[in-house]
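Here is the structure we will look at.
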Number of protein chains: 6
Amino acid sequence: MIDGLEFIERFEQHFPLELAEEGDPVGLHIGTLNKKVQRIMITLDVRPEVVAEAIDKKIDLLIAKHPPIFRPIKNLSTDNPQQKMYGDCLKHDIAVYAAHTNMDIVPDGLNDWFCELLGITDTGYITKTHEINGISYGIGRIGNLATPVALTDFIQEVKDTFHLDGLRLISPTIEKMIQRVGICGGSGEKFYHDALAKGADVYITGDVYYHTGHEMITDGCSVIDAGHYIEELCKSKIVLLCHEWKKEYNWDVDFIESEVNTNPFIYY
Amino acid sequence: MIDGLEFIERFEQHFPLELAEEGDPVGLHIGTLNKKVQRIMITLDVRPEVVAEAIDKKIDLLIAKHPPIFRPIKNLSTDNPQQKMYGDCLKHDIAVYAAHTNMDIVPDGLNDWFCELLGITDTGYITKTHEINGISYGIGRIGNLATPVALTDFIQEVKDTFHLDGLRLISPTIEKMIQRVGICGGSGEKFYHDALAKGADVYITGDVYYHTGHEMITDGCSVIDAGHYIEELCKSKIVLLCHEWKKEYNWDVDFIESEVNTNPFIYY
Amino acid sequence: MIDGLEFIERFEQHFPLELAEEGDPVGLHIGTLNKKVQRIMITLDVRPEVVAEAIDKKIDLLIAKHPPIFRPIKNLSTDNPQQKMYGDCLKHDIAVYAAHTNMDIVPDGLNDWFCELLGITDTGYITKTHEINGISYGIGRIGNLATPVALTDFIQEVKDTFHLDGLRLISPTIEKMIQRVGICGGSGEKFYHDALAKGADVYITGDVYYHTGHEMITDGCSVIDAGHYIEELCKSKIVLLCHEWKKEYNWDVDFIESEVNTNPFIYY
Amino acid sequence: MIDGLEFIERFEQHFPLELAEEGDPVGLHIGTLNKKVQRIMITLDVRPEVVAEAIDKKIDLLIAKHPPIFRPIKNLSTDNPQQKMYGDCLKHDIAVYAAHTNMDIVPDGLNDWFCELLGITDTGYITKTHEINGISYGIGRIGNLATPVALTDFIQEVKDTFHLDGLRLISPTIEKMIQRVGICGGSGEKFYHDALAKGADVYITGDVYYHTGHEMITDGCSVIDAGHYIEELCKSKIVLLCHEWKKEYNWDVDFIESEVNTNPFIYY
Amino acid sequence: MIDGLEFIERFEQHFPLELAEEGDPVGLHIGTLNKKVQRIMITLDVRPEVVAEAIDKKIDLLIAKHPPIFRPIKNLSTDNPQQKMYGDCLKHDIAVYAAHTNMDIVPDGLNDWFCELLGITDTGYITKTHEINGISYGIGRIGNLATPVALTDFIQEVKDTFHLDGLRLISPTIEKMIQRVGICGGSGEKFYHDALAKGADVYITGDVYYHTGHEMITDGCSVIDAGHYIEELCKSKIVLLCHEWKKEYNWDVDFIESEVNTNPFIYY
Amino acid sequence: MIDGLEFIERFEQHFPLELAEEGDPVGLHIGTLNKKVQRIMITLDVRPEVVAEAIDKKIDLLIAKHPPIFRPIKNLSTDNPQQKMYGDCLKHDIAVYAAHTNMDIVPDGLNDWFCELLGITDTGYITKTHEINGISYGIGRIGNLATPVALTDFIQEVKDTFHLDGLRLISPTIEKMIQRVGICGGSGEKFYHDALAKGADVYITGDVYYHTGHEMITDGCSVIDAGHYIEELCKSKIVLLCHEWKKEYNWDVDFIESEVNTNPFIYY
């Protein structure tokens with residue numbers, strides 16, 4: 001067992017809270033870190049099924065990419081399954097902690113892991129978000145593939161890499177070679193102008209809206225809407241980091257990836 | 001045991017939610033009413049000591065005058081004693097329900113009970129708040145004592161009646177006979193103009209602010225700031241009502257008054 | 001040739017402006033109706049390719065489902081392709097008129113046409129939007145299939161009916177028989193609670209957001225995200241209506257469906 | 001007689017306007033400083049009784065702690081006693097000047113005088129409000145008593161020191177030794193977290209609200225609500241300062257403390 | 001001498017406060033009506049020169065068309081001449097009362113007097129403002145001249161009628177016969193669309209802004225900007241009304257027209 | 001023919017966009033600068049008559065002082081003459097560009113040209129608006145005439161200089177010698193306090209409002225309301241500048257002053 005606060009101190013060294021977007025509710029959401037923890041589970045989303053898994057696996061601390069309390073709560077009626085889920089965490093002493101946009105922005109963060117996986121190198125951020133001690137930080141990443149590839153081949157590679165049963169392409173043309181790739185996990189449509197300005201041949205993100213799709217095409221931008229769920233990659237990468245820290249500090253603690261699939265979409 | 005929803009249905013017949021002020025968060029705050037309940041406790045405030053009492057007494061449902069979640073909650077960190085209290089309710093399956101300004105406004109409500117206790121008769125409301133099906137409702141009550149009394153004697157009576165160790169008087173003069181009395185439990189300073197306009201010789205309320213005190217004196221209004229805590233009277237009166245319903249419906253359920261003193265002020 | 005104003009008068013008899021949602025910019029967007037028109041084209045969207053088609057086909061009036069000027073314009077720089085499109089309409093005397101949420105709400109409107117196509121009968125609206133002269137109007141439709149069908153079979157039928165190369169399912173379960181179906185063209189995710197409350201076994205709409213998808217599943221709601229583009233059905237249906245009016249009034253005018261595919265998404 | 005502007009120049013050297021909280025209406029409220037003044041009266045509040053006293057004593061300039069025009073005035077109807085008071089000042093050429101939060105913040109200001117009176121030394125501010133030329137300023141003071149004392153004994157000392165007939169204690173416990181004391185004249189409840197964070201065993205302020213009282217107890221904070229009126233101490237202290245300046249500049253002017261008791265509260 | 005309240009009661013029978021535009025600060029501005037009054041002066045504006053005249057003429061009550069306290073006052077420093085003017089009224093017990101847009105709207109009000117003077121008959125309001133007990137009221141008046149006249153001749157008539165040394169014309173053409181005339185005293189440019197819609201050949205108002213002038217011409221509207229000061233006509237008309245009431249009620253009171261010219265503009 | 005972008009680059013060197021007031025819509029309003037231009041017309045206002053002139057004179061680019069799209073456009077209905085005007089520009093490939101407050105603020109800008117014309121020297125700005133690289137910029141100019149002149153003589157000079165058929169004076173007195181003159185083209189009434197503070201004996205601007213006129217007189221400020229239209233001086237001065245650049249860069253391009261009088265006011 002280790003101290004919850006000690007673990008989070010190391011975690012926040014890697015994912016500093018100050019790198020989150022303004023107003024983004026990162027940090028402790030439920031319970032306390034001021035306790036001993038033996039079992040820490042990493043999850044993309046906190047959903048009722050994930051909390052059930054955590055109870056079942058006797059988890060002490062849940063680390064989530066998406067903040068479970070995104071808007072303030074007006075009451076704690078457990079008739080509502082969303083709020084019952086909060087109560088279940090409290091009942092079973094499961095602390096819940098969120099690292100959200102700070103994980104998108106921080107170097108060696110989620111978007112860097114995406115690039116690594118897709119063979120994108122020489123990367124920089126897409127949209128600047130912070131300047132701290134003279135160093136600039138930003139969200140999204142843009143870089144280059146080793147060689148140009150056909151857009152349709154790259155789409156297949158994206159599907160394979162992220163194990164997707166479907167995705168959506170938005171593009172003025174399908175017949176196109178690409179080499180410079182922008183990527184931003186989550187709902188990154190608002191950053192597409194910056195990706196374009198930085199020379200992206202194609203931009204990968206999720207949750208593209210119909211009318212924004214029109215504007216992208218009119219602006220000559222090719223976008224792969226790979227969905228929000230490719231972010232689940234964060235689970236294995238965070239566990240890897242945690243194991244490094246475990247070794248380094250000789251911690252007696254277990255790190256577990258949530259096995260629940262929280263993708264709400266099935267492609268047909 | 002009876003059904004929680006059945007109990008509340010009867011309760012809301014007496015204290016309808018629609019008589020609350022706009023935006024006042026009345027109703028279910030924590031847990032569920034969709035369960036069997038055996039032990040119902042009535043309290044003025046939901047404080048950590050009250051929740052401890054409720055746990056100790058195996059309470060299923062807590063009825064409170066003051067809404068425990070008055071402003072939306074941003075997180076459920078149990079490091080904060082206020083939020084830990086919510087978690088303790090959830091952990092011990094204690095539902096929490098609030099009847100607030102609807103209890104101040106409804107006929108045969110808190111302000112009527114005050115009048116009854118002080119011998120004030122021929123009462124009407126102070127400030128109109130609702131008109132429903134052609135019937136007017138309002139907050140506060142104003143009426144008459146049987147005979148005029150000296151203000152200082154009446155102050156003593158108020159202290160005796162509400163078992164107060166201290167109170168504050170705001171008045172242009174102490175030497176004064178009074179007969180017409182306005183009263184509004186809680187923080188009712190904003191209604192003093194209406195009490196004055198309706199002829200109050202003295203107005204009883206709580207939480208008077210220093211500069212409002214000045215304005216009251218300048219406007220020739222005598223006010224007894226008896227504090228917020230006189231409202232704890234509601235506990236015994238609600239239990240009385242509940243026992244009537246219990247008899248009427250032949251319920252198998254226990255009604256308990258909270259024994260915790262939640263008055264934050266001690267007079268010296 | 002007929003008078004533009006005469007045509008619109010008949011059009012608005014069927015699709016009254018007063019049935020649009022508040023703030024929805026329906027009506028004339030570009031040019032004038034106070035002119036003779038010979039060639040009227042119906043389109044789902046006004047995009048540069050559609051305007052090129054209109055110029056090519058010598059169109060006098062464009063009727064669109066989606067308002068081309070959705071947010072006020074700060075300037076008319078033709079360096080921007082979106083604004084150049086407005087200029088092209090003005091240059092070629094192409095008037096542009098939009099019927100948007102009034103077409104979603106009006107009886108014998110877009111959502112009714114969807115129901116007809118899918119064999120949904122006994123329909124009513126999902127969410128009430130207007131009450132005019134004692135008659136209620138609403139957006140979306142809900143009704144029943146002739147017999148229960150498996151959800152997966154129904155998905156296939158939706159794909160076939162709307163000629164979709166892909167769609168997304170959000171559902172707590174795939175194994176499910178359905179009979180009661182809600183539908184709302186466009187971005188109708190905000191109406192899913194009403195569809196659920198009215199007993200929808202499945203709800204068809206477009207543009208579902210990742211986190212809303214979670215909430216739908218948690219609330220036990222099955223949703224088919226068929227995309228925004230199924231609305232292109234409106235083109236043929238409006239032309240049909242126009243031809244009826246043409247016969248009725250003995251108009252000398254041509255009605256044309258836009259042949260441009262404005263779906264920004266390609267499924268892979 | 002001296003020049004009104006000359007006097008205020010010296011006064012503002014000690015109590016600079018720039019140290020007031022943002023939006024606090026300090027400075028000249030009524031009349032003009034551009035005149036000769038012979039008789040200057042210091043008062044805590046500007047009330048009708050104080051203005052009557054000023055007229056009676058032929059005062060030329062009134063220095064007040066509490067700004068008499070706190071909210072902008074919509075009309076000058078003298079039917080309203082508050083506004084009649086403004087008219088009376090104008091009629092009798094009484095200028096009125098307010099030094100409010102700048103007197104709470106400035107070193108050698110009101111809170112320092114409180115500390116001096118109670119034997120609190122080694123003081124610093126409670127909550128930082130300004131940074132001017134690299135120097136920090138703040139509101140409230142916190143420091144230490146020479147030796148620990150019992151809370152109840154200290155309460156008695158506060159009552160004696162400020163000549164109070166009553167006060168209110170908010171505290172999780174009465175049995176407690178205290179040595180580190182925070183103090184903020186006026187309505188300082190919003191600064192209690194800072195007082196606590198700086199180690200206050202007890203915090204003295206005024207106008208504590210019922211529900212804030214609960215939170216103080218829950219947070220383990222002991223608070224003495226000594227009321228707003230202890231601030232009347234400022235009268236004698238300002239007169240003292242004025243006499244120093246009178247000597248220094250050889251002024252021919254009279255400084256007078258208002259003798260009206262403006263405390264709106266009487267404890268019973 | 002008569003009672004001030006009695007006078008105003010009769011005055012408000014003719015010029016009801018409820019006919020003022022929302023937020024317009026009509027009614028008592030300074031002093032009290034609860035006193036005996038002997039000398040009442042009518043003025044268009046309350047300016048320092050007018051107040052000097054009132055002091056000189058021992059006026060008890062000033063009736064003004066333009067509210068002297070249009071925006072709330074933050075302080076009563078008499079260094080500012082505007083605020084000194086308020087103080088002078090208070091010092092000399094001059095009550096000030098304003099009837100503003102209610103005088104523009106009420107039948108037999110300012111705009112009717114204008115029409116009478118210019119020989120405009122068959123009048124109605126320009127823009128509806130109130131509906132009270134089923135009767136509509138509005139601001140401005142529109143009606144017809146006995147016979148068509150040339151615009152330039154009418155301009156001369158306006159100058160003669162209102163004794164103007166200059167005025168400004170805004171018109172797409174000068175060569176034009178006019179018969180239907182709209183008029184709205186004060187700054188009435190915002191009502192020009194309504195005047196146009198009601199068939200005005202020319203619209204008389206004041207304070208037309210440069211760019212609004214352009215829009216008027218583009219919309220084909222002819223406007224005579226006769227300035228704000230034509231409203232001074234109200235003085236003699238109100239005095240006339242007052243004399244009627246004096247006779248009717250046998251009042252012992254003097255009514256005086258202010259002789260100060262408050263027109264800020266001289267034409268060159 | 002020259003490149004439109006090349007011309008504007010030189011133009012913005014003289015009239016930088018960054019010197020405009022915040023929110024002022026300067027720059028390209030209609031069409032594109034990315035084209036060859038032969039004929040450039042300078043105008044004060046963009047009105048339908050000016051656009052007709054531009055079409056007639058085969059203008060490629062219109063430079064205007066007043067931004068034609070001042071508020072965002074909700075639709076492009078050509079039934080409205082204002083919006084038809086935009087369409088006419090687009091139809092005839094007339095680009096429209098506005099330099100507004102940057103022309104008022106920039107050194108060697110509109111207000112400097114006014115001073116030059118009136119013989120005002122030793123000038124500085126009236127109200128500071130920008131600080132860029134340590135250099136201060138401001139709007140309006142104030143300076144001195146060579147010798148004092150009578151106000152009435154100066155008024156005549158202003159009328160002569162700007163070819164005005166009328167103007168309005170606002171002044172506590174007519175009998176007055178003046179030497180120090182402030183000037184701000186357009187609607188500059190909000191800067192009169194600054195002009196006064198900088199010693200202006202008289203301040204020239206346009207569009208003075210009736211009640212502001214009162215305040216100016218009360219504050220002892222003499223103002224010449226010469227109207228907005230004196231700004232038409234900018235046409236000839238800009239053409240002069242353009243000819244310099246033409247020579248310098250050996251441009252093949254024609255510069256034309258609009259001959260349309262856009263003054264909406266005629267004085268009578």
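Every chain in the structure tokens has a letter given in the order shown (A, B, ...), and although residue numbers restart at 1 in each chain, ligands are simply numbered from 1 in the order shown.
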At a cut-off of 9 Å, using only C-alpha atoms, what residues contact A:Ala20? Leave out same-chain residues fewer than 6 positions from it and give the result as a PyMOL selection string.
chain A and resi 26+99-106+129-130
If you run DSSP over the backbone, which residues in stretch 17-232 of chain C end up helix (DSSP H, G or I)? Put them as number ranges by chain.
C: 17-19, 48-56, 81-91, 101-105, 110-118, 151-161, 189-197, 210-218, 229-232
**Prompt:** Using the chain letters and numbers from this document, which residues of stretch 23-265 of chain A does DSSP assign to strand (DSSP E or B), as a ChimeraX atom specification?
**Reply:** /A:27-31,36-37,39-43,61-64,73,76-77,95-98,121-132,135-150,168-170,177-183,202-205,223-225,254-257
Export of prior selection with C-alpha atoms as a compact mmCIF listing (two decimals), in the first residue's frame:
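selection-v8.txt, freshly written:
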```txt
# COMPACT_ATOMS: atom_id res chain seq x y z
CA GLY A 27 -8.04 16.92 -10.19
CA LEU A 28 -9.89 15.06 -7.43
CA HIS A 29 -13.60 14.64 -8.16
CA ILE A 30 -14.85 12.12 -5.60
CA GLY A 31 -13.59 10.83 -2.25
CA LYS A 36 -3.67 4.30 1.66
CA VAL A 37 -4.26 2.85 -1.79
CA ARG A 39 -5.34 -0.86 -6.34
CA ILE A 40 -5.47 1.94 -8.92
CA MET A 41 -7.52 1.56 -12.10
CA ILE A 42 -7.09 3.67 -15.23
CA THR A 43 -10.16 4.40 -17.36
CA LEU A 61 -8.51 5.03 -6.83
CA LEU A 62 -9.84 5.57 -10.33
CA ILE A 63 -7.82 7.73 -12.75
CA ALA A 64 -10.03 8.99 -15.61
CA ILE A 73 -24.42 18.86 -9.47
CA LEU A 76 -27.56 13.70 -5.29
CA SER A 77 -30.76 11.83 -6.01
CA ALA A 95 -11.60 7.99 -5.04
CA VAL A 96 -11.93 9.42 -8.57
CA TYR A 97 -9.35 11.73 -10.12
CA ALA A 98 -9.40 13.30 -13.62
CA THR A 121 7.68 12.55 -36.30
CA ASP A 122 9.10 16.10 -36.06
CA THR A 123 5.97 17.12 -34.19
CA GLY A 124 4.85 20.41 -32.69
CA TYR A 125 1.55 21.50 -31.15
CA ILE A 126 -1.37 22.72 -33.27
CA THR A 127 -2.84 25.51 -31.10
CA LYS A 128 -0.93 27.28 -28.35
CA THR A 129 -2.65 27.21 -24.97
CA HIS A 130 -0.09 28.17 -22.30
CA GLU A 131 3.17 30.00 -21.83
CA ILE A 132 4.92 29.11 -18.58
CA ILE A 135 8.09 27.82 -22.63
CA SER A 136 5.08 27.45 -24.95
CA TYR A 137 2.63 24.58 -24.67
CA GLY A 138 -0.23 23.67 -26.96
CA ILE A 139 -2.98 21.24 -27.75
CA GLY A 140 -2.92 18.73 -30.62
CA ARG A 141 0.17 17.69 -32.55
CA ILE A 142 1.25 18.05 -36.17
CA GLY A 143 4.16 16.29 -37.85
CA ASN A 144 5.22 14.19 -40.82
CA LEU A 145 4.99 10.59 -41.97
CA ALA A 146 8.22 9.04 -43.21
CA THR A 147 6.91 8.97 -46.80
CA PRO A 148 3.80 10.23 -48.57
CA VAL A 149 0.92 7.76 -48.61
CA ALA A 150 -2.47 7.71 -50.32
CA ARG A 168 -15.91 9.13 -41.21
CA LEU A 169 -13.91 11.05 -43.79
CA ILE A 170 -14.54 14.73 -44.58
CA MET A 177 -1.36 11.81 -51.24
CA ILE A 178 -0.69 12.89 -47.68
CA GLN A 179 2.43 13.25 -45.58
CA ARG A 180 1.83 16.00 -43.02
CA VAL A 181 -0.70 14.91 -40.38
CA GLY A 182 -2.37 16.81 -37.58
CA ILE A 183 -4.08 15.00 -34.73
CA VAL A 202 -5.08 15.57 -43.18
CA TYR A 203 -6.34 16.23 -39.65
CA ILE A 204 -7.53 13.48 -37.30
CA THR A 205 -10.04 14.31 -34.57
CA VAL A 223 -10.41 15.47 -41.85
CA ILE A 224 -10.62 11.94 -40.47
CA ASP A 225 -13.30 11.78 -37.78
CA ASP A 254 -1.35 -2.55 -8.41
CA PHE A 255 -2.18 -0.74 -11.63
CA ILE A 256 -5.10 -2.00 -13.63
CA GLU A 257 -6.56 -1.01 -16.98
```
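The list of chain A residues within 6 Å of chain C is Gly166, Leu167, Arg168, Leu169, Ile170, Gly213, His214, Pro264, Phe265, Ile266, Tyr267 and Tyr268 of chain A; this uses only C-alpha atoms.
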Please write the residues from the selection above to a file, keeping N, CA, C and O atoms, as an mmCIF file, in the first residue's frame.
```cif
data_model
loop_
_atom_site.group_PDB
_atom_site.id
_atom_site.type_symbol
_atom_site.label_atom_id
_atom_site.label_comp_id
_atom_site.auth_asym_id
_atom_site.auth_seq_id
_atom_site.Cartn_x
_atom_site.Cartn_y
_atom_site.Cartn_z
ATOM 1 N N GLY A 166 -15.291 1.495 -37.755
ATOM 2 C CA GLY A 166 -15.764 2.482 -38.726
ATOM 3 C C GLY A 166 -15.199 3.846 -38.399
ATOM 4 O O GLY A 166 -14.801 4.109 -37.261
ATOM 5 N N LEU A 167 -15.141 4.718 -39.407
ATOM 6 C CA LEU A 167 -14.794 6.121 -39.158
ATOM 7 C C LEU A 167 -15.410 6.930 -40.285
ATOM 8 O O LEU A 167 -15.993 6.383 -41.223
ATOM 9 N N ARG A 168 -15.317 8.261 -40.194
ATOM 10 C CA ARG A 168 -15.909 9.130 -41.205
ATOM 11 C C ARG A 168 -14.836 10.035 -41.795
ATOM 12 O O ARG A 168 -14.035 10.626 -41.049
ATOM 13 N N LEU A 169 -14.847 10.148 -43.111
ATOM 14 C CA LEU A 169 -13.914 11.051 -43.787
ATOM 15 C C LEU A 169 -14.666 12.301 -44.231
ATOM 16 O O LEU A 169 -15.789 12.213 -44.733
ATOM 17 N N ILE A 170 -14.048 13.467 -44.039
ATOM 18 C CA ILE A 170 -14.542 14.725 -44.576
ATOM 19 C C ILE A 170 -13.411 15.260 -45.445
ATOM 20 O O ILE A 170 -12.325 15.541 -44.945
ATOM 21 N N GLY A 213 -18.402 20.236 -40.985
ATOM 22 C CA GLY A 213 -17.914 19.407 -42.085
ATOM 23 C C GLY A 213 -17.959 20.162 -43.407
ATOM 24 O O GLY A 213 -17.008 20.135 -44.193
ATOM 25 N N HIS A 214 -19.059 20.871 -43.660
ATOM 26 C CA HIS A 214 -19.156 21.688 -44.877
ATOM 27 C C HIS A 214 -18.048 22.727 -44.952
ATOM 28 O O HIS A 214 -17.412 22.901 -45.985
ATOM 29 N N PRO A 264 -19.673 4.666 -26.932
ATOM 30 C CA PRO A 264 -21.134 4.593 -27.064
ATOM 31 C C PRO A 264 -21.581 4.258 -28.485
ATOM 32 O O PRO A 264 -22.753 3.970 -28.695
ATOM 33 N N PHE A 265 -20.673 4.305 -29.443
ATOM 34 C CA PHE A 265 -21.065 4.139 -30.843
ATOM 35 C C PHE A 265 -20.675 2.773 -31.397
ATOM 36 O O PHE A 265 -19.566 2.303 -31.190
ATOM 37 N N ILE A 266 -21.599 2.183 -32.131
ATOM 38 C CA ILE A 266 -21.282 1.007 -32.938
ATOM 39 C C ILE A 266 -21.552 1.389 -34.385
ATOM 40 O O ILE A 266 -22.625 1.922 -34.698
ATOM 41 N N TYR A 267 -20.584 1.164 -35.272
ATOM 42 C CA TYR A 267 -20.769 1.508 -36.691
ATOM 43 C C TYR A 267 -21.483 0.377 -37.430
ATOM 44 O O TYR A 267 -21.171 -0.791 -37.228
ATOM 45 N N TYR A 268 -22.395 0.754 -38.278
ATOM 46 C CA TYR A 268 -23.073 -0.233 -39.147
ATOM 47 C C TYR A 268 -22.922 0.215 -40.598
ATOM 48 O O TYR A 268 -22.790 1.402 -40.877
#
```
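Candidate residues A:Glu232, A:Thr32, A:Asn75, A:Asn111 were compared for distance to A:Leu90, and the nearest is A:Thr32, using only C-alpha atoms.
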Expressed in Å, the length from atom CA of E:Val260 to atom CA of E:Tyr86 is 17.6 Å
What's the 12 Å shell around D:Lys246, counting only C-alpha atoms, without same-chain residues fewer than 4 positions away, as a PyMOL selection string?
chain D and resi 1-2+6-7+10-11+38+40+239-242+250-255
Take the residues just selected and output them with C-alpha atoms as an mmCIF file, in the first residue's frame.
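The resulting part_3.cif:
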```
data_model
loop_
_atom_site.group_PDB
_atom_site.id
_atom_site.type_symbol
_atom_site.label_atom_id
_atom_site.label_comp_id
_atom_site.auth_asym_id
_atom_site.auth_seq_id
_atom_site.Cartn_x
_atom_site.Cartn_y
_atom_site.Cartn_z
ATOM 1 C CA MET D 1 -9.802 78.397 9.849
ATOM 2 C CA ILE D 2 -7.928 76.277 7.381
ATOM 3 C CA GLU D 6 -5.273 71.331 2.623
ATOM 4 C CA PHE D 7 -6.733 69.254 5.456
ATOM 5 C CA ARG D 10 -2.801 65.622 4.791
ATOM 6 C CA PHE D 11 -5.567 63.147 5.652
ATOM 7 C CA GLN D 38 -13.195 75.586 11.337
ATOM 8 C CA ILE D 40 -14.414 69.003 11.706
ATOM 9 C CA VAL D 239 -9.045 62.806 16.369
ATOM 10 C CA LEU D 240 -5.693 61.900 17.902
ATOM 11 C CA LEU D 241 -4.047 61.814 14.493
ATOM 12 C CA CYS D 242 -5.703 65.118 13.564
ATOM 13 C CA ASN D 250 -0.123 75.026 13.398
ATOM 14 C CA TRP D 251 -3.708 74.765 12.171
ATOM 15 C CA ASP D 252 -6.534 76.840 13.615
ATOM 16 C CA VAL D 253 -9.249 74.192 13.528
ATOM 17 C CA ASP D 254 -11.378 72.147 15.962
ATOM 18 C CA PHE D 255 -11.695 68.370 15.865
#
```
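Our summary of the geometry notes that atom CA of F:Asp194 is positioned 25.3 Å from atom CA of D:Asp24.
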